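Participant: Dropping in structure_38.txt, which is compact mmCIF, C-alpha atoms:
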# COMPACT_ATOMS: atom_id res chain seq x y z
CA MET A 115 76.87 41.59 151.77
CA CYS A 116 73.10 42.12 151.94
CA ARG A 117 71.41 39.62 154.22
CA LEU A 118 67.68 39.02 153.78
CA VAL A 119 65.47 37.63 156.54
CA GLU A 120 61.81 36.76 157.05
CA HIS A 121 60.14 39.45 159.14
CA HIS A 122 57.15 38.14 161.11
CA ASP A 123 54.62 39.45 163.62
CA HIS A 124 55.71 38.52 167.16
CA MET A 125 52.08 38.19 168.21
CA LYS A 126 52.27 34.55 167.07
CA ASP A 127 55.13 33.92 169.50
CA HIS A 128 53.23 35.72 172.25
CA LEU A 129 50.17 33.53 171.67
CA LEU A 130 52.19 30.32 172.04
CA ARG A 131 53.96 31.63 175.14
CA GLU A 132 50.62 32.60 176.68
CA PHE A 133 49.19 29.17 175.85
CA GLU A 134 52.12 27.41 177.53
CA LYS A 135 51.98 29.75 180.55
CA ILE A 136 48.26 29.15 181.17
CA SER A 137 48.54 25.40 180.55
CA ALA A 138 51.51 24.96 182.90
CA GLY A 139 49.81 27.06 185.57
CA LEU A 140 46.73 24.85 185.83
CA GLU A 141 46.41 22.34 188.67
CA ARG A 142 46.46 19.62 186.02
CA VAL A 143 47.56 20.01 182.41
CA LEU A 144 44.50 19.58 180.18
CA ALA A 145 45.99 20.49 176.81
CA ASN A 146 47.30 18.03 174.23
CA GLU A 147 48.92 18.18 170.79
CA ALA A 148 45.61 19.09 169.17
CA ALA A 149 45.27 22.04 171.55
CA GLU A 150 48.71 23.31 170.57
CA LYS A 151 47.82 22.93 166.87
CA PHE A 152 44.65 24.93 167.53
CA ALA A 153 46.75 27.74 169.02
CA LYS A 154 49.20 27.67 166.09
CA ARG A 155 46.39 27.66 163.52
CA SER A 156 44.81 30.67 165.25
CA ALA A 157 48.02 32.72 165.14
CA PRO A 158 47.51 34.21 161.64
CA MET A 159 44.20 35.67 162.81
CA VAL A 160 45.90 37.92 165.36
CA SER A 161 48.89 38.80 163.17
CA ALA A 162 48.85 42.30 161.73
CA TYR A 163 50.65 41.40 158.49
CA ASP A 164 51.95 38.47 156.45
CA ASN A 165 55.52 37.23 156.81
CA THR A 166 57.67 39.38 154.52
CA VAL A 167 61.26 39.17 153.31
CA ILE A 168 63.21 42.32 154.24
CA CYS A 169 66.87 43.18 154.80
CA ASN A 170 68.41 42.22 158.12
CA ASP A 171 69.02 45.86 159.08
CA CYS A 172 65.31 46.68 158.71
CA ASN A 173 64.45 43.60 160.75
CA ASN A 174 66.85 44.70 163.51
CA VAL A 175 65.56 48.25 163.55
CA ASP A 176 62.11 46.93 164.51
CA SER A 177 63.51 45.86 167.88
CA VAL A 178 65.60 49.02 168.26
CA ALA A 179 62.61 51.27 167.64
CA LYS A 180 60.47 49.42 170.19
CA GLY A 181 63.18 49.88 172.80
CA LEU A 182 63.54 53.59 172.11
CA ILE A 183 59.82 54.39 172.41
CA GLY A 184 58.88 51.85 175.09
CA ALA A 185 56.51 49.79 172.94
CA HIS A 186 55.29 46.38 174.12
CA PRO A 187 57.92 43.72 173.25
CA SER A 188 55.28 41.56 171.52
CA PHE A 189 54.34 44.40 169.19
CA SER A 190 55.91 44.34 165.73
CA PHE A 191 56.11 47.11 163.17
CA SER A 192 54.95 46.05 159.72
CA PRO A 193 57.34 46.47 156.75
CA SER A 194 55.44 49.56 155.57
CA GLU A 195 55.62 51.07 159.06
CA ILE A 196 59.36 50.39 159.27
CA LEU A 197 59.75 52.14 155.92
CA ALA A 198 58.08 55.22 157.41
CA PHE A 199 60.56 55.70 160.27
CA VAL A 200 63.80 54.03 159.15
CA ILE A 201 66.76 56.23 158.24
CA ALA A 202 68.92 54.22 155.86
CA SER A 203 72.52 54.96 154.90
CA PRO A 204 74.70 53.04 152.43
CA ASN A 205 76.93 50.39 154.02
CA ALA A 206 75.83 51.26 157.55
CA GLU A 207 73.27 50.14 160.10
CA HIS A 208 69.90 51.87 159.97
CA SER A 209 68.85 54.50 162.48
CA VAL A 210 65.35 55.42 163.69
CA ASN A 211 63.19 58.51 163.40
CA GLN A 212 61.97 58.20 166.96
CA GLU A 213 59.13 60.71 166.59
CA ILE A 214 57.53 58.86 163.68
CA ALA A 215 58.01 55.47 165.36
CA ALA A 216 56.29 56.75 168.52
CA ARG A 217 53.39 58.14 166.51
CA ILE A 218 52.88 54.80 164.73
CA TRP A 219 52.97 52.92 168.03
CA ASN A 220 50.39 55.28 169.58
CA GLU A 221 48.13 54.90 166.54
CA ASN A 222 48.30 51.11 166.90
CA ARG A 223 48.01 50.93 170.69
CA GLU A 224 44.21 50.55 170.89
CA THR A 225 44.13 47.83 168.23
CA PHE A 226 47.11 46.12 169.84
CA ASP A 227 45.28 45.98 173.18
CA LEU A 228 42.31 44.36 171.44
CA ARG A 229 44.59 41.79 169.80
CA MET A 230 46.13 41.01 173.20
CA LYS A 231 42.66 40.31 174.61
CA ILE A 232 41.91 37.97 171.70
CA VAL A 233 45.25 36.22 172.24
CA SER A 234 44.49 35.68 175.93
CA ARG A 235 41.09 34.22 175.09
CA ILE A 236 42.45 31.87 172.42
CA ALA A 237 45.31 30.77 174.69
CA HIS A 238 42.85 30.03 177.51
CA ILE A 239 40.56 28.02 175.21
CA ALA A 240 43.53 25.96 174.00
CA ALA A 241 45.09 25.49 177.45
CA THR A 242 41.81 24.29 178.99
CA ASN A 243 41.23 21.97 176.01
CA GLU A 244 37.91 23.63 175.16
CA HIS A 245 38.90 24.13 171.53
CA TRP A 246 37.06 22.64 168.53
CA TYR A 247 40.01 21.61 166.34
CA GLN A 248 40.03 17.93 165.32
CA SER A 249 43.42 16.77 164.15
CA THR A 250 43.62 14.51 161.09
CA PRO A 251 46.51 12.04 160.59
CA TYR A 252 48.83 13.33 157.89
CA GLN A 253 48.36 10.06 155.97
CA LEU A 254 44.76 11.14 155.27
CA HIS A 255 45.58 14.63 153.98
CA PRO A 256 44.75 15.02 150.26
CA ASP A 257 48.21 16.39 149.41
CA TYR A 258 49.95 13.43 151.07
CA ILE A 259 47.75 10.90 149.27
CA GLN A 260 48.28 12.58 145.89
CA ASP A 261 52.05 12.84 146.38
CA THR A 262 52.26 9.21 147.47
CA ALA A 263 50.21 8.03 144.50
CA ARG A 264 52.38 10.02 142.07
CA SER A 265 55.55 8.67 143.67
CA ILE A 266 54.39 5.04 143.44
CA ALA A 267 53.20 5.43 139.86
CA SER A 268 56.42 7.17 138.81
CA SER A 269 58.66 4.58 140.49
CA ARG A 270 56.95 1.89 138.41
CA GLY A 271 57.26 3.79 135.16
CA ALA A 272 53.56 4.57 135.01
CA GLY A 273 53.52 8.26 135.83
CA ARG A 274 51.01 9.08 133.11
CA ALA A 275 48.72 6.24 134.08
CA LEU A 276 47.61 7.88 137.32
CA ARG A 277 45.08 10.10 135.59
CA ALA A 278 43.59 7.10 133.79
CA LEU A 279 43.39 5.12 137.04
CA CYS A 280 41.50 7.98 138.68
CA GLY A 281 38.86 7.74 135.98
CA PRO A 282 37.71 10.27 133.40
CA PRO A 283 37.08 13.83 134.57
CA ARG A 284 33.54 14.68 135.54
CA THR A 285 31.50 16.01 132.67
CA GLN A 286 28.27 17.93 132.83
CA ALA A 287 25.28 16.76 130.86
CA LYS A 288 25.29 18.36 127.42
CA LYS A 289 22.65 21.06 127.15
CA ALA A 290 20.82 22.32 124.10
CA PRO A 291 22.55 25.43 122.64
CA ARG A 292 19.56 27.66 123.49
CA GLU A 293 18.93 26.32 126.98
CA TRP A 294 21.05 29.01 128.69
CA ARG A 295 18.53 31.68 127.67
CA ALA A 296 16.04 30.49 130.30
CA LYS A 297 18.38 31.35 133.18
CA GLY A 298 17.11 34.92 133.47
CA ASN A 299 13.47 33.84 133.32
CA ASN A 300 13.85 31.57 136.35
CA TYR A 301 15.99 34.00 138.37
CA ARG A 302 14.47 35.17 141.65
CA VAL A 303 15.34 38.83 142.11
CA ARG A 304 16.51 40.08 145.51
CA ALA A 305 17.63 43.65 146.11
CA PRO A 306 20.63 44.25 148.41
CA THR A 307 20.51 46.88 151.14
CA ALA A 308 22.65 50.01 150.98
CA GLY A 309 24.89 48.48 153.64
CA GLN A 310 25.34 45.27 151.63
CA ILE A 311 26.30 47.27 148.53
CA GLU A 312 28.82 49.26 150.58
CA HIS A 313 30.26 45.99 151.95
CA VAL A 314 30.69 44.72 148.38
CA ALA A 315 32.44 47.96 147.39
CA LYS A 316 34.82 47.98 150.35
CA VAL A 317 35.33 44.27 151.05
CA THR A 318 33.93 41.48 148.86
CA SER A 319 34.62 43.02 145.43
CA TYR A 320 36.95 45.88 146.37
CA LYS A 321 39.42 45.35 143.50
CA ARG A 322 36.70 45.03 140.89
CA TRP A 323 34.88 48.06 142.28
CA GLN A 324 38.05 50.11 141.82
CA MET A 325 38.54 48.95 138.21
CA VAL A 326 35.90 51.37 136.93
CA SER A 327 34.74 54.85 137.95
CA ASP A 328 31.71 55.50 140.14
CA SER A 329 29.81 56.83 137.10
CA TRP A 330 30.63 53.77 134.97
CA GLN A 331 27.81 51.78 133.38
CA CYS A 332 28.03 48.47 131.56
CA PRO A 333 28.29 49.48 127.86
CA SER A 334 25.86 46.73 126.87
CA CYS A 335 23.06 46.78 129.47
CA ASN A 336 23.71 50.29 130.89
CA ARG A 337 23.46 49.10 134.51
CA SER A 338 25.47 50.96 137.14
CA LYS A 339 27.84 49.23 139.54
CA GLU A 340 25.18 49.33 142.25
CA GLN A 341 22.60 47.75 139.91
CA ILE A 342 25.01 44.97 138.88
CA VAL A 343 25.52 43.81 142.49
CA ARG A 344 23.85 40.41 142.90
CA PRO A 345 24.41 36.98 144.52
CA THR A 346 27.02 34.70 142.92
CA ASN A 347 28.14 31.12 143.51
CA GLN A 348 31.08 32.41 145.56
CA SER A 349 29.49 35.26 147.55
CA THR A 350 26.20 36.30 149.07
CA TRP A 351 26.61 39.63 147.25
CA ALA A 352 29.30 40.60 144.75
CA LEU A 353 30.07 42.86 141.79
CA PRO A 354 30.50 40.46 138.84
CA ILE A 355 32.27 42.48 136.14
CA THR A 356 34.99 41.42 133.74
CA SER A 357 37.14 42.63 130.86
CA LYS A 358 36.22 41.32 127.40
CA SER A 359 37.19 42.04 123.80
CA TYR A 360 34.38 42.75 121.32
CA ARG A 361 34.24 43.11 117.55
CA ASP A 362 34.99 46.69 116.47
CA THR A 363 35.69 47.22 112.78
CA SER A 364 36.90 50.78 113.47
CA ALA A 365 39.62 49.59 115.85
CA LYS A 366 43.19 48.93 114.68
CA TYR A 367 43.05 45.18 115.31
CA GLY A 368 39.34 44.73 114.70
CA TYR A 369 38.26 44.59 118.33
CA SER A 370 38.06 46.75 121.47
CA THR A 371 38.53 45.63 125.06
CA LEU A 372 35.84 46.82 127.47
CA PHE A 373 34.67 46.25 131.02
CA VAL A 374 31.23 44.62 131.05
CA CYS A 375 29.06 42.91 133.64
CA ASP A 376 29.45 39.13 133.80
CA ASP A 377 25.83 38.69 132.70
CA CYS A 378 26.53 40.47 129.42
CA GLY A 379 29.87 38.70 129.06
CA SER A 380 28.28 35.27 129.50
CA ALA A 381 25.43 36.11 127.13
CA ALA A 382 27.92 37.06 124.40
CA VAL A 383 29.83 33.80 124.76
CA ASN A 384 26.66 31.69 124.72
CA LEU A 385 25.24 33.46 121.66
CA VAL A 386 28.45 32.82 119.72
CA LYS A 387 28.40 29.18 120.84
CA GLU A 388 24.92 28.89 119.30
CA ALA A 389 26.27 30.34 116.06
CA GLU A 390 29.30 28.07 116.26
CA ALA A 391 27.02 25.02 116.36
CA ILE A 392 25.04 26.25 113.35
CA ALA A 393 28.17 27.02 111.32
CA SER A 394 29.84 23.75 112.37
CA THR A 395 33.10 25.55 112.94
CA GLU A 396 35.43 26.13 115.87
CA VAL A 397 35.71 29.53 117.57
CA HIS A 398 38.56 30.50 119.90
CA ALA A 399 37.78 34.11 120.91
CA TYR A 400 34.02 34.06 121.40
CA SER A 401 33.36 37.67 122.41
CA ARG A 402 35.31 39.04 119.45
CA GLN A 403 32.72 37.61 117.06
CA MET A 404 30.11 40.27 117.93
CA GLY A 405 29.99 44.00 118.54
CA ILE A 406 28.89 45.46 121.85
CA GLU A 407 26.01 47.25 120.07
CA GLU A 408 24.81 43.92 118.67
CA LEU A 409 24.85 42.39 122.14
CA ALA A 410 22.89 45.32 123.61
CA LYS A 411 19.92 44.60 121.30
CA VAL A 412 19.52 41.11 122.79
CA ILE A 413 19.72 42.01 126.49
CA ILE A 414 16.69 42.71 128.71
CA PRO A 415 18.43 43.97 131.86
CA ARG A 416 17.16 43.99 135.45
CA PRO A 417 18.87 45.34 138.56
CA HIS A 418 20.53 42.72 140.81
CA ALA A 419 19.61 39.81 138.54
CA ALA A 420 20.70 37.73 135.57
CA HIS A 421 19.57 39.15 132.24
CA ARG A 422 16.51 38.07 130.35
CA ILE A 423 17.08 37.48 126.64
CA ASP A 424 15.00 38.80 123.75
CA ASP A 425 14.62 35.53 121.85
CA ARG A 426 13.62 37.15 118.55
CA GLU A 427 16.61 39.50 118.54
CA ALA A 428 18.85 36.68 119.74
CA ASP A 429 17.79 34.43 116.85
CA VAL A 430 18.56 37.21 114.37
CA LEU A 431 21.97 37.88 115.91
CA VAL A 432 22.90 34.19 116.01
CA ASP A 433 22.13 33.91 112.28
CA VAL A 434 24.24 37.00 111.56
CA ILE A 435 27.19 35.62 113.52
CA ALA A 436 26.86 32.16 111.92
CA THR A 437 26.90 33.76 108.46
CA ARG A 438 29.90 35.82 109.50
CA LEU A 439 31.75 32.73 110.72
CA LEU A 440 31.00 30.84 107.50
CA SER A 441 32.14 33.81 105.44
CA GLU A 442 35.41 34.09 107.35
CA LEU A 443 35.90 30.33 107.09
CA GLY A 444 35.35 30.53 103.34
CA ASP A 445 37.86 33.36 103.00
CA SER A 446 40.49 31.40 104.93
CA ARG A 447 39.90 28.31 102.76
CA SER A 448 40.21 30.41 99.61
CA THR A 449 43.51 31.81 100.88
CA VAL A 450 44.82 28.30 101.59
CA SER A 451 43.74 27.08 98.12
CA PHE A 452 45.46 30.07 96.48
CA ILE A 453 48.70 29.45 98.38
CA GLU A 454 48.67 25.74 97.50
CA SER A 455 48.02 26.45 93.81
CA THR A 456 50.95 28.85 93.63
Spit out the file's structure as structure tokens when you get a sec.

Facilitator:
Amino acid sequence: MCRLVEHHDHMKDHLLREFEKISAGLERVLANEAAEKFAKRSAPMVSAYDNTVICNDCNNVDSVAKGLIGAHPSFSFSPSEILAFVIASPNAEHSVNQEIAARIWNENRETFDLRMKIVSRIAHIAATNEHWYQSTPYQLHPDYIQDTARSIASSRGAGRALRALCGPPRTQAKKAPREWRAKGNNYRVRAPTAGQIEHVAKVTSYKRWQMVSDSWQCPSCNRSKEQIVRPTNQSTWALPITSKSYRDTSAKYGYSTLFVCDDCGSAAVNLVKEAEAIASTEVHAYSRQMGIEELAKVIIPRPHAAHRIDDREADVLVDVIATRLLSELGDSRSTVSFIEST
């Protein structure tokens, strides 16, 4: 039988042991429950990896490998590191490639020593009650309040009434269809440093940065990745790009999916919404209503900033899209009438 277990970093256990050791060794115990919670909440910061489900043999080989190479007992090999040195055989306990395990331990030793220093500092702060964590009664936690409210409402047969009792969802004031165009005019441009761009590429927007090549440019505004970097609501600096589908009559299904900057993506959606209002119809896939070449004519790009919009070109494009929507709506109505008549 294969037994699965949760493999965790023993640094968390070491932190709590160190906290208890320092606290008990003081002339007078200063710590309280909040201090212990502070120590527990700090544990993920010093852990080298997230808890991971692995087979019991791999979990056991972590301890075996540490014993063979003389690693610190509070050190834990991550699942990927175990994979590097484990020698697995069907229906048998794993064995260890001692040379590889020793190399991994030596590569981690300097970082491990740093983590141990951080653990000692956190444990001392908690044990001397110099921490900053303020405990909140569980009855005041949002999850508890929501669960309790749902339980009470459900027990009285009014499960669906809870949303009504909480009031209508917040709605933003309705804006004029063209109002979004002014965003770029009021945008204060700031240029990031080379270091800030590198931080975006390696940290803040790493996954997005890897989605496209280093030579990639937005097919609508022609900005490079570096030029697209700008502040967002979520980050001081980020790479706001996204994948959107645009009208392409030469494509098999009538549209092509492309990576574009968020500024171009948002402009496309807002332009189609303007046309939607004029045509008095409902659109589901906004970006598919215009071609990327059509969008490019409207955009006035700037590095590290929201786009400005060419109002004259935008008005022309909105009329074209509105006419297109009305034409497609007319074709669909004609099809329905034909089907009903037959």

Participant: Excluding A:Cys378 and its own-chain neighbours fewer than 3 positions away, which residues fall within 9 Å of it when counting all atoms listed in the file? Please give them as number ranges by chain.

Facilitator: A: 332, 334-335, 374-375, 381-383, 409-410, 413, 420-421

Participant: If I take atom CA of A:Asp433 and atom CA of A:Lys297, how far is one from the other in Å, to one decimal?

Facilitator: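 Taking atom CA of A:Asp433 and atom CA of A:Lys297, their separation equals 21.4 Å.
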
Participant: Quick check, in Å to one decimal: how far apart do atom CA of A:Arg117 and atom CA of A:Ile218 lie?

Facilitator: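 Between atom CA of A:Arg117 and atom CA of A:Ile218 the gap is 26.2 Å.
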
Participant: Can you tell me, as a PyMOL selection string, what residues are no more than 8 Å from A:Tyr360 when counting all atoms listed in the file, ignoring any on the same chain fewer than 4 positions away?

Facilitator: chain A and resi 369-372+401-406

Participant: Skipping near chain neighbours, those fewer than 6 positions away, what residues fall within 9 Å of stretch 304-309 of chain A using all atoms listed in the file, listed as a list in words?

Facilitator: Gln341, Val343, Arg344, Pro345, Trp351, Pro417, His418 and Ala419 of chain A

Participant: Of the candidates A:Asp376, A:Glu213, A:Glu340, A:Glu141, which one gets nearest to A:His313 if we count all atoms listed in the file?

Facilitator: A:Glu340
